Amino acid sequence: MTKRRAAVNPDVKTTQVERSELPPGWCWVSLGELAAPEPNAITDGPFGSNLKTEHYTDCGPRVVRLQNIGDGIFRDISAYISERYFEKLRKHQVDAGDLVIAALGESLPRACLIPAWLGPAIVKADCIRFKPDERLVASAYLNYALNNEDARRRTSAIIHGVGRPRLNLTEIRSILVPLAPPPEQGRLVEKIEELLSDLDAGVASLRQAQATLKKYRAAVLRAAVTGELTTEWRAVHPNVEPATKLLDRILAERRRKWEEEQEAKFAASGRTPPKGWQSKYPMLPPLDSSNLAELPPNWCWASVNQVGEVRLGRQRSPAHHDGLYMRPYLRVANVFENRIDTNDVLQMNFTPAEYEVYRLEFGDILLNEGQSLHLVGRPAMYRDEVPGACFQNTLVRFRADPGVLPEYSLYLFLAYLHNRRFQKVARWTVNIAHLGADRFSSIEFPLPPVDEQRAIVAKVEQQLSDIEATDNYITASLKRAARLRQSILKEAFAGRLVPQDPNDEPASVLLERIRQTGPKAESLNGRSKARTRNPRQREFFE
């Protein structure tokens, strides 16, 4: 094969590793040279100051975000903007057939085509709208070329950003793609779509199954904490101790401990307890359950702080960055849904007295105190993943009282995460939602008898285990599908998927002719050709 050097715009600096072996008639070209000859053919979305949370609505024109950009596939994850702000942001509008490229995140340059059914839409920041020059390249061909693993390896040299891979507009313009002659592009797209049609249908079914599993998981949690999951169990066990007695015992034991602590303080100071000192006990206000749902027999309503201790973590401060008592601590970055991540655990100085207050015990539930609104209150149980750890004030700790199973508490809080109960009490501060220890403390807690708690935990664990096994199978299947997809694209852009036609005009010749003629809208047969919005661009090759 003839070795060709990349056809690169001299105004675009590139440090990419260039692939020299290409099929006959192909050439290397930078993405910038494939842009349509019109202003702002390559542009990004508006900055955050121009597109704020309050501009989003429940309906209206769509906002295309990073979440929408799959590996060559548009993911229908809805976000809407008001008509008023859509008109103000028209320069960021995307049309059917436009290419949208992710400038932030994993697997760059990840891209997809805007589907015809989307309707009016704009791109958000970190999403690049690209309008291709249809005299040179079809959108569908370019979409497959950018989502090829070889393209990602070539681009890896220019990606920057610690922890958050990123490409800027100049770097995106410099991305190299192998350009086939237009007729061969048509043959390639047709063959790729033929091979991928069944694969993509299977992937769509798998993703739908994943979404169904997510709903089923939320339904299991809801059934657990409303008593539906243990209806049959209660029929077999009608004579269990009511939860009201359990709650009375918890509150009585808590008061007894408080009185012991007060007597110890009086004794240590050599003072005689004053008359009526027991009346100073900080009674918790009773929960108003008048507007709450009816509970199953032998259950009762309590508040979170009636059945466990709630504490906010210790605030981070430069004064605690070093000292004699450095200890690991967990923060919001370590607490995921039902999982503690130990990959990035930091340390702070906790004196022995502070350690007694903020140390974690097996079974403690940690909840995200400050997070995005849909993740606020995200809980996980501490199971000694980091021995001797404490926790920061980005987390709230719930320590269940005896008689309240930590596992049941975890499932309740997971249910509250999914049914948005935590969102209802959260408060916003500079784009972050805060759960608040006090607000969390006052949330209702449906309390079953101890034996029924054990039955609930056992049933939930079994069903969640089955869900996890199915989800793991689906995830493995999606990975296999992704590998197969990449194998097809690799063959396509190595020139082995369809035969080359020696009568096709080489891409380099076409590129040079267009450079010389400038932005004139010429077609391959010399006639003027209007821009099409067909996302597949089939008529381009007719």
# chains A, B, ... in the order shown; residues from 1 in each chain; ligands from 1
>>> residues_around(residues="segment 293-310 of chain A", least_positions_apart="5", cutoff="9 Å", atoms="only C-alpha atoms", output="CSV table (one decimal) with N, CA, C and O atoms, in the first residue's frame")
chain,number,residue,atom,x,y,z
A,226,THR,N,-42.7,-0.8,53.4
A,226,THR,CA,-44.1,-0.6,53.5
A,226,THR,C,-44.8,-1.8,54.1
A,226,THR,O,-46.0,-1.8,54.4
A,227,GLY,N,-44.1,-2.9,54.2
A,227,GLY,CA,-44.6,-4.1,54.7
A,227,GLY,C,-45.2,-5.1,53.7
A,227,GLY,O,-45.6,-6.2,54.0
A,228,GLU,N,-45.2,-4.7,52.4
A,228,GLU,CA,-45.8,-5.6,51.4
A,228,GLU,C,-44.9,-6.8,51.2
A,228,GLU,O,-45.5,-7.9,50.9
A,231,THR,N,-45.9,-9.6,53.9
A,231,THR,CA,-47.4,-9.9,54.2
A,231,THR,C,-47.6,-11.3,54.6
A,231,THR,O,-48.3,-11.6,55.6
A,234,ARG,N,-46.2,-12.1,58.1
A,234,ARG,CA,-47.0,-11.7,59.2
A,234,ARG,C,-48.2,-12.6,59.5
A,234,ARG,O,-48.6,-12.8,60.6
A,238,PRO,N,-48.3,-14.0,63.8
A,238,PRO,CA,-49.2,-12.9,64.2
A,238,PRO,C,-48.9,-12.4,65.7
A,238,PRO,O,-49.4,-11.3,66.0
A,240,VAL,N,-46.1,-11.5,67.4
A,240,VAL,CA,-44.8,-10.9,67.7
A,240,VAL,C,-45.0,-9.6,68.6
A,240,VAL,O,-46.1,-9.0,68.6
A,241,GLU,N,-43.9,-9.2,69.2
A,241,GLU,CA,-44.0,-8.0,70.1
A,241,GLU,C,-44.2,-6.8,69.2
A,241,GLU,O,-43.4,-6.6,68.2
A,242,PRO,N,-45.2,-6.0,69.5
A,242,PRO,CA,-45.4,-4.8,68.7
A,242,PRO,C,-44.2,-3.8,68.7
A,242,PRO,O,-43.5,-3.7,69.7
A,243,ALA,N,-44.0,-3.1,67.6
A,243,ALA,CA,-42.9,-2.1,67.5
A,243,ALA,C,-43.1,-1.0,68.5
A,243,ALA,O,-42.1,-0.4,68.9
A,244,THR,N,-44.3,-0.7,68.9
A,244,THR,CA,-44.5,0.4,69.9
A,244,THR,C,-43.7,0.1,71.2
A,244,THR,O,-43.1,0.9,71.8
A,247,LEU,N,-40.0,0.7,70.6
A,247,LEU,CA,-39.7,2.1,70.6
A,247,LEU,C,-39.7,2.6,72.0
A,247,LEU,O,-38.8,3.4,72.4
A,250,ILE,N,-36.5,1.6,73.6
A,250,ILE,CA,-35.3,2.3,73.0
A,250,ILE,C,-35.3,3.7,73.7
A,250,ILE,O,-34.2,4.1,74.2
A,251,LEU,N,-36.4,4.4,73.8
A,251,LEU,CA,-36.4,5.7,74.4
A,251,LEU,C,-36.1,5.7,75.9
A,251,LEU,O,-35.5,6.5,76.5
A,284,LEU,N,-37.3,14.3,72.9
A,284,LEU,CA,-37.5,14.5,71.5
A,284,LEU,C,-39.0,14.7,71.2
A,284,LEU,O,-39.9,14.1,71.8
A,286,PRO,N,-42.6,14.5,69.6
A,286,PRO,CA,-43.2,13.3,69.0
A,286,PRO,C,-43.4,13.5,67.5
A,286,PRO,O,-43.6,14.7,67.1
A,287,LEU,N,-43.4,12.5,66.8
A,287,LEU,CA,-43.6,12.6,65.3
A,287,LEU,C,-45.1,12.7,65.0
A,287,LEU,O,-45.9,12.0,65.5
A,288,ASP,N,-45.4,13.7,64.2
A,288,ASP,CA,-46.8,13.9,63.7
A,288,ASP,C,-47.0,12.9,62.6
A,288,ASP,O,-46.6,13.1,61.4
A,396,VAL,N,-23.3,12.4,56.8
A,396,VAL,CA,-24.1,12.3,58.0
A,396,VAL,C,-24.1,10.8,58.5
A,396,VAL,O,-24.2,9.9,57.6
A,397,ARG,N,-23.8,10.6,59.7
A,397,ARG,CA,-23.8,9.2,60.2
A,397,ARG,C,-25.0,8.9,61.0
A,397,ARG,O,-25.5,9.7,61.9
A,398,PHE,N,-25.6,7.7,60.7
A,398,PHE,CA,-26.7,7.2,61.5
A,398,PHE,C,-26.3,5.9,62.1
A,398,PHE,O,-25.8,5.0,61.5
A,399,ARG,N,-26.4,5.9,63.5
A,399,ARG,CA,-26.0,4.7,64.2
A,399,ARG,C,-27.3,4.2,64.9
A,399,ARG,O,-27.8,4.8,65.8
A,400,ALA,N,-27.7,3.0,64.5
A,400,ALA,CA,-29.0,2.5,64.9
A,400,ALA,C,-28.9,2.1,66.4
A,400,ALA,O,-27.9,1.5,66.9
A,401,ASP,N,-30.0,2.3,67.1
A,401,ASP,CA,-30.1,1.8,68.5
A,401,ASP,C,-30.3,0.3,68.6
A,401,ASP,O,-30.8,-0.3,67.6
A,402,PRO,N,-30.0,-0.3,69.7
A,402,PRO,CA,-30.3,-1.8,69.8
A,402,PRO,C,-31.8,-2.0,69.5
A,402,PRO,O,-32.7,-1.3,70.0
A,403,GLY,N,-32.0,-3.1,68.7
A,403,GLY,CA,-33.4,-3.4,68.3
A,403,GLY,C,-33.8,-2.9,67.0
A,403,GLY,O,-34.8,-3.2,66.4
A,404,VAL,N,-32.9,-2.0,66.4
A,404,VAL,CA,-33.1,-1.5,65.1
A,404,VAL,C,-32.0,-2.0,64.2
A,404,VAL,O,-30.8,-1.7,64.5
A,437,ALA,N,-28.3,17.5,59.0
A,437,ALA,CA,-28.5,16.6,60.0
A,437,ALA,C,-29.8,16.7,60.8
A,437,ALA,O,-30.5,15.7,61.1
A,438,ASP,N,-30.2,18.0,61.0
A,438,ASP,CA,-31.5,18.2,61.7
A,438,ASP,C,-32.7,17.8,60.9
A,438,ASP,O,-33.6,17.2,61.4
A,440,PHE,N,-32.7,15.6,58.4
A,440,PHE,CA,-32.7,14.2,58.3
A,440,PHE,C,-33.2,13.5,59.6
A,440,PHE,O,-33.9,12.6,59.6
A,441,SER,N,-32.8,14.1,60.7
A,441,SER,CA,-33.3,13.5,62.0
A,441,SER,C,-34.8,13.5,62.2
A,441,SER,O,-35.3,12.6,62.8
A,442,SER,N,-35.5,14.4,61.6
A,442,SER,CA,-36.9,14.6,61.8
A,442,SER,C,-37.7,13.8,60.8
A,442,SER,O,-39.0,13.7,60.9
A,443,ILE,N,-37.1,13.1,59.8
A,443,ILE,CA,-37.8,12.3,58.8
A,443,ILE,C,-38.4,11.1,59.5
A,443,ILE,O,-37.9,10.5,60.4
A,444,GLU,N,-39.6,10.7,59.0
A,444,GLU,CA,-40.3,9.6,59.5
A,444,GLU,C,-39.5,8.2,59.3
A,444,GLU,O,-38.9,8.1,58.2
A,445,PHE,N,-39.7,7.3,60.2
A,445,PHE,CA,-39.0,6.0,60.1
A,445,PHE,C,-40.1,4.9,60.4
A,445,PHE,O,-40.5,4.8,61.6
A,446,PRO,N,-40.5,4.2,59.4
A,446,PRO,CA,-41.5,3.1,59.7
A,446,PRO,C,-40.8,2.0,60.4
A,446,PRO,O,-39.9,1.3,59.9
A,447,LEU,N,-41.2,1.7,61.6
A,447,LEU,CA,-40.5,0.7,62.5
A,447,LEU,C,-41.3,-0.6,62.6
A,447,LEU,O,-42.3,-0.6,63.2
A,448,PRO,N,-40.7,-1.7,62.1
A,448,PRO,CA,-41.4,-3.0,62.3
A,448,PRO,C,-40.9,-3.7,63.5
A,448,PRO,O,-39.8,-3.3,64.1
A,449,PRO,N,-41.5,-4.7,64.0
A,449,PRO,CA,-41.0,-5.5,65.1
A,449,PRO,C,-39.6,-6.1,64.7
A,449,PRO,O,-39.3,-6.3,63.5
>>> residues_around(residues="segment 504-516 of chain A", least_positions_apart="2", cutoff="8 Å", atoms="only C-alpha atoms", output="CSV table (one decimal) with all heavy atoms, in the first residue's frame")
chain,number,residue,atom,x,y,z
A,7,ALA,N,-3.3,14.8,5.6
A,7,ALA,CA,-3.6,16.1,5.0
A,7,ALA,C,-4.1,17.0,6.2
A,7,ALA,O,-5.2,16.8,6.6
A,7,ALA,CB,-4.7,16.0,4.0
A,24,PRO,N,-5.8,2.1,-0.6
A,24,PRO,CA,-5.7,2.9,-1.8
A,24,PRO,C,-6.8,3.9,-1.9
A,24,PRO,O,-8.0,3.6,-1.7
A,24,PRO,CB,-5.7,1.9,-2.9
A,24,PRO,CG,-5.3,0.6,-2.3
A,24,PRO,CD,-5.8,0.7,-0.9
A,25,GLY,N,-6.5,5.1,-2.2
A,25,GLY,CA,-7.5,6.2,-2.5
A,25,GLY,C,-7.9,6.9,-1.2
A,25,GLY,O,-8.7,7.9,-1.3
A,26,TRP,N,-7.4,6.5,0.0
A,26,TRP,CA,-7.7,7.2,1.2
A,26,TRP,C,-6.7,8.2,1.5
A,26,TRP,O,-5.5,8.1,1.0
A,26,TRP,CB,-7.8,6.2,2.4
A,26,TRP,CG,-9.0,5.2,2.3
A,26,TRP,CD1,-9.5,4.6,1.2
A,26,TRP,CD2,-9.7,4.7,3.4
A,26,TRP,NE1,-10.5,3.7,1.5
A,26,TRP,CE2,-10.7,3.8,2.9
A,26,TRP,CE3,-9.8,4.9,4.8
A,26,TRP,CZ2,-11.6,3.1,3.6
A,26,TRP,CZ3,-10.7,4.3,5.6
A,26,TRP,CH2,-11.6,3.4,5.0
A,27,CYS,N,-6.9,9.1,2.5
A,27,CYS,CA,-5.9,10.0,3.0
A,27,CYS,C,-6.3,10.4,4.4
A,27,CYS,O,-7.4,10.3,4.8
A,27,CYS,CB,-5.7,11.2,2.1
A,27,CYS,SG,-7.1,12.4,2.1
A,136,LEU,N,-17.2,16.5,1.1
A,136,LEU,CA,-16.1,15.6,1.5
A,136,LEU,C,-16.4,14.4,2.3
A,136,LEU,O,-15.9,13.3,2.1
A,136,LEU,CB,-15.1,16.5,2.4
A,136,LEU,CG,-14.1,17.4,1.6
A,136,LEU,CD1,-13.4,18.3,2.6
A,136,LEU,CD2,-13.1,16.6,0.8
A,179,LEU,N,-9.9,9.4,5.6
A,179,LEU,CA,-10.9,9.8,4.7
A,179,LEU,C,-10.9,8.9,3.5
A,179,LEU,O,-10.0,8.9,2.7
A,179,LEU,CB,-10.7,11.3,4.3
A,179,LEU,CG,-11.8,11.9,3.4
A,179,LEU,CD1,-13.1,12.0,4.2
A,179,LEU,CD2,-11.4,13.3,2.9
A,180,ALA,N,-12.0,8.2,3.3
A,180,ALA,CA,-12.2,7.4,2.1
A,180,ALA,C,-12.9,8.2,1.0
A,180,ALA,O,-13.5,9.2,1.2
A,180,ALA,CB,-13.1,6.2,2.5
A,181,PRO,N,-12.7,7.8,-0.3
A,181,PRO,CA,-13.5,8.4,-1.3
A,181,PRO,C,-15.0,8.4,-1.0
A,181,PRO,O,-15.5,7.4,-0.5
A,181,PRO,CB,-13.1,7.6,-2.6
A,181,PRO,CG,-11.8,6.9,-2.2
A,181,PRO,CD,-11.9,6.7,-0.8
A,182,PRO,N,-15.7,9.4,-1.3
A,182,PRO,CA,-17.1,9.5,-1.0
A,182,PRO,C,-17.9,8.2,-1.4
A,182,PRO,O,-18.8,7.7,-0.7
A,182,PRO,CB,-17.6,10.7,-1.7
A,182,PRO,CG,-16.4,11.6,-1.6
A,182,PRO,CD,-15.3,10.7,-1.9
A,183,PRO,N,-17.8,7.7,-2.7
A,183,PRO,CA,-18.5,6.5,-3.0
A,183,PRO,C,-18.2,5.3,-2.0
A,183,PRO,O,-19.1,4.6,-1.7
A,183,PRO,CB,-18.1,6.2,-4.4
A,183,PRO,CG,-17.6,7.5,-5.0
A,183,PRO,CD,-17.0,8.2,-3.8
A,184,GLU,N,-17.0,5.2,-1.6
A,184,GLU,CA,-16.6,4.1,-0.7
A,184,GLU,C,-17.2,4.4,0.7
A,184,GLU,O,-17.5,3.5,1.4
A,184,GLU,CB,-15.1,3.9,-0.7
A,184,GLU,CG,-14.7,2.7,0.1
A,184,GLU,CD,-13.2,2.4,0.0
A,184,GLU,OE1,-12.5,3.0,-0.8
A,184,GLU,OE2,-12.7,1.6,0.8
A,501,ASP,N,-12.8,0.5,-5.1
A,501,ASP,CA,-13.0,0.6,-6.5
A,501,ASP,C,-12.0,1.5,-7.1
A,501,ASP,O,-11.9,2.7,-6.7
A,501,ASP,CB,-14.4,1.2,-6.7
A,501,ASP,CG,-14.8,1.2,-8.2
A,501,ASP,OD1,-14.0,1.1,-9.0
A,501,ASP,OD2,-16.1,1.3,-8.5
A,502,PRO,N,-11.1,1.0,-8.0
A,502,PRO,CA,-10.1,1.9,-8.6
A,502,PRO,C,-10.6,3.0,-9.4
A,502,PRO,O,-9.9,4.0,-9.6
A,502,PRO,CB,-9.3,0.9,-9.5
A,502,PRO,CG,-10.2,-0.2,-9.7
A,502,PRO,CD,-11.1,-0.4,-8.5
A,518,GLY,N,-12.4,26.6,-2.9
A,518,GLY,CA,-12.9,27.4,-1.8
A,518,GLY,C,-14.3,26.9,-1.3
A,518,GLY,O,-14.7,25.7,-1.6
A,519,PRO,N,-15.1,27.7,-0.6
A,519,PRO,CA,-16.3,27.2,0.0
A,519,PRO,C,-17.5,27.1,-1.0
A,519,PRO,O,-18.6,26.9,-0.5
A,519,PRO,CB,-16.6,28.3,1.0
A,519,PRO,CG,-16.0,29.5,0.4
A,519,PRO,CD,-14.8,29.1,-0.3
>>> residues_around(residues="segment 33-42 of chain A", least_positions_apart="3", cutoff="7 Å", atoms="only C-alpha atoms", output="VMD selection string")
chain A and resid 9 29 to 30 128 to 133 136 to 137 519
>>> residues_around(residues="segment 312-323 of chain A", least_positions_apart="4", cutoff="9 Å", atoms="only C-alpha atoms", output="PDB file with N, CA and C atoms, in the first residue's frame")
ATOM      1  N   ARG A 331     -15.239  10.644  53.166  1.00  0.00           N
ATOM      2  CA  ARG A 331     -15.945  11.842  52.738  1.00  0.00           C
ATOM      3  C   ARG A 331     -16.923  11.455  51.641  1.00  0.00           C
ATOM      4  N   GLN A 347      -6.424  11.550  55.049  1.00  0.00           N
ATOM      5  CA  GLN A 347      -6.183  11.516  56.498  1.00  0.00           C
ATOM      6  C   GLN A 347      -6.306  12.911  57.094  1.00  0.00           C
ATOM      7  N   MET A 348      -6.701  12.941  58.358  1.00  0.00           N
ATOM      8  CA  MET A 348      -6.801  14.162  59.139  1.00  0.00           C
ATOM      9  C   MET A 348      -6.390  13.848  60.566  1.00  0.00           C
ATOM     10  N   ASN A 349      -6.038  14.886  61.310  1.00  0.00           N
ATOM     11  CA  ASN A 349      -5.680  14.703  62.712  1.00  0.00           C
ATOM     12  C   ASN A 349      -6.946  14.699  63.569  1.00  0.00           C
ATOM     13  N   PHE A 350      -7.171  13.601  64.288  1.00  0.00           N
ATOM     14  CA  PHE A 350      -8.277  13.481  65.238  1.00  0.00           C
ATOM     15  C   PHE A 350      -7.669  13.157  66.601  1.00  0.00           C
ATOM     16  N   THR A 351      -7.846  14.052  67.560  1.00  0.00           N
ATOM     17  CA  THR A 351      -7.350  13.777  68.905  1.00  0.00           C
ATOM     18  C   THR A 351      -8.113  12.582  69.476  1.00  0.00           C
ATOM     19  N   GLU A 354     -11.659  13.526  70.032  1.00  0.00           N
ATOM     20  CA  GLU A 354     -12.389  13.691  68.775  1.00  0.00           C
ATOM     21  C   GLU A 354     -12.645  12.333  68.118  1.00  0.00           C
ATOM     22  N   TYR A 358     -16.106  10.888  66.440  1.00  0.00           N
ATOM     23  CA  TYR A 358     -16.253  10.734  64.985  1.00  0.00           C
ATOM     24  C   TYR A 358     -15.804   9.374  64.454  1.00  0.00           C
ATOM     25  N   GLU A 369     -24.274  14.194  52.696  1.00  0.00           N
ATOM     26  CA  GLU A 369     -24.951  15.385  53.211  1.00  0.00           C
ATOM     27  C   GLU A 369     -25.040  16.454  52.138  1.00  0.00           C
ATOM     28  N   CYS A 390     -12.647   7.745  60.546  1.00  0.00           N
ATOM     29  CA  CYS A 390     -13.619   8.738  61.002  1.00  0.00           C
ATOM     30  C   CYS A 390     -14.368   9.247  59.768  1.00  0.00           C
ATOM     31  N   PHE A 391     -15.118  10.347  59.913  1.00  0.00           N
ATOM     32  CA  PHE A 391     -15.857  10.854  58.761  1.00  0.00           C
ATOM     33  C   PHE A 391     -15.939  12.371  58.788  1.00  0.00           C
ATOM     34  N   GLN A 392     -16.050  12.956  57.597  1.00  0.00           N
ATOM     35  CA  GLN A 392     -16.049  14.399  57.400  1.00  0.00           C
ATOM     36  C   GLN A 392     -17.472  14.941  57.406  1.00  0.00           C
ATOM     37  N   ASN A 393     -17.599  16.250  57.450  1.00  0.00           N
ATOM     38  CA  ASN A 393     -18.934  16.846  57.539  1.00  0.00           C
ATOM     39  C   ASN A 393     -19.664  16.894  56.199  1.00  0.00           C
ATOM     40  N   THR A 394     -19.109  16.303  55.150  1.00  0.00           N
ATOM     41  CA  THR A 394     -19.880  16.104  53.924  1.00  0.00           C
ATOM     42  C   THR A 394     -20.758  14.861  54.043  1.00  0.00           C
ATOM     43  N   LEU A 395     -20.656  14.185  55.194  1.00  0.00           N
ATOM     44  CA  LEU A 395     -21.435  12.977  55.448  1.00  0.00           C
ATOM     45  C   LEU A 395     -22.217  13.122  56.744  1.00  0.00           C
ATOM     46  N   VAL A 396     -23.349  12.427  56.808  1.00  0.00           N
ATOM     47  CA  VAL A 396     -24.130  12.288  58.034  1.00  0.00           C
ATOM     48  C   VAL A 396     -24.053  10.825  58.453  1.00  0.00           C
ATOM     49  N   ARG A 397     -23.820  10.585  59.737  1.00  0.00           N
ATOM     50  CA  ARG A 397     -23.754   9.212  60.246  1.00  0.00           C
ATOM     51  C   ARG A 397     -25.028   8.882  61.012  1.00  0.00           C
ATOM     52  N   GLY A 436     -28.756  18.019  55.548  1.00  0.00           N
ATOM     53  CA  GLY A 436     -28.893  18.626  56.867  1.00  0.00           C
ATOM     54  C   GLY A 436     -29.167  17.593  57.940  1.00  0.00           C
ATOM     55  N   ALA A 437     -28.316  17.546  58.962  1.00  0.00           N
ATOM     56  CA  ALA A 437     -28.478  16.556  60.028  1.00  0.00           C
ATOM     57  C   ALA A 437     -29.808  16.730  60.753  1.00  0.00           C
TER      58      ALA A 437
END
>>> select_by_dssp(residues="segment 105-252 of chain A", states="alpha helix (DSSP H)", output="VMD selection string")
chain A and resid 139 to 146 149 to 155 169 to 173 182 to 226 231 to 236 243 to 252
>>> select_by_dssp(residues="segment 36-148 of chain A", states="strand (DSSP E)", output="count of residues only")
28
>>> decode(residues="segment 39-51 of chain A", atoms="C-alpha atoms", output="mmCIF file, in the first residue's frame")
data_model
loop_
_atom_site.group_PDB
_atom_site.id
_atom_site.type_symbol
_atom_site.label_atom_id
_atom_site.label_comp_id
_atom_site.auth_asym_id
_atom_site.auth_seq_id
_atom_site.Cartn_x
_atom_site.Cartn_y
_atom_site.Cartn_z
ATOM 1 C CA PRO A 39 -19.559 30.269 10.261
ATOM 2 C CA ASN A 40 -19.499 28.321 13.534
ATOM 3 C CA ALA A 41 -19.571 24.937 11.831
ATOM 4 C CA ILE A 42 -17.668 23.728 14.907
ATOM 5 C CA THR A 43 -18.868 25.240 18.178
ATOM 6 C CA ASP A 44 -19.431 24.252 21.772
ATOM 7 C CA GLY A 45 -22.378 24.796 24.074
ATOM 8 C CA PRO A 46 -23.004 27.849 26.278
ATOM 9 C CA PHE A 47 -21.052 28.377 29.479
ATOM 10 C CA GLY A 48 -22.781 27.585 32.757
ATOM 11 C CA SER A 49 -23.431 31.265 33.447
ATOM 12 C CA ASN A 50 -25.565 31.378 30.292
ATOM 13 C CA LEU A 51 -27.446 28.159 30.977
#
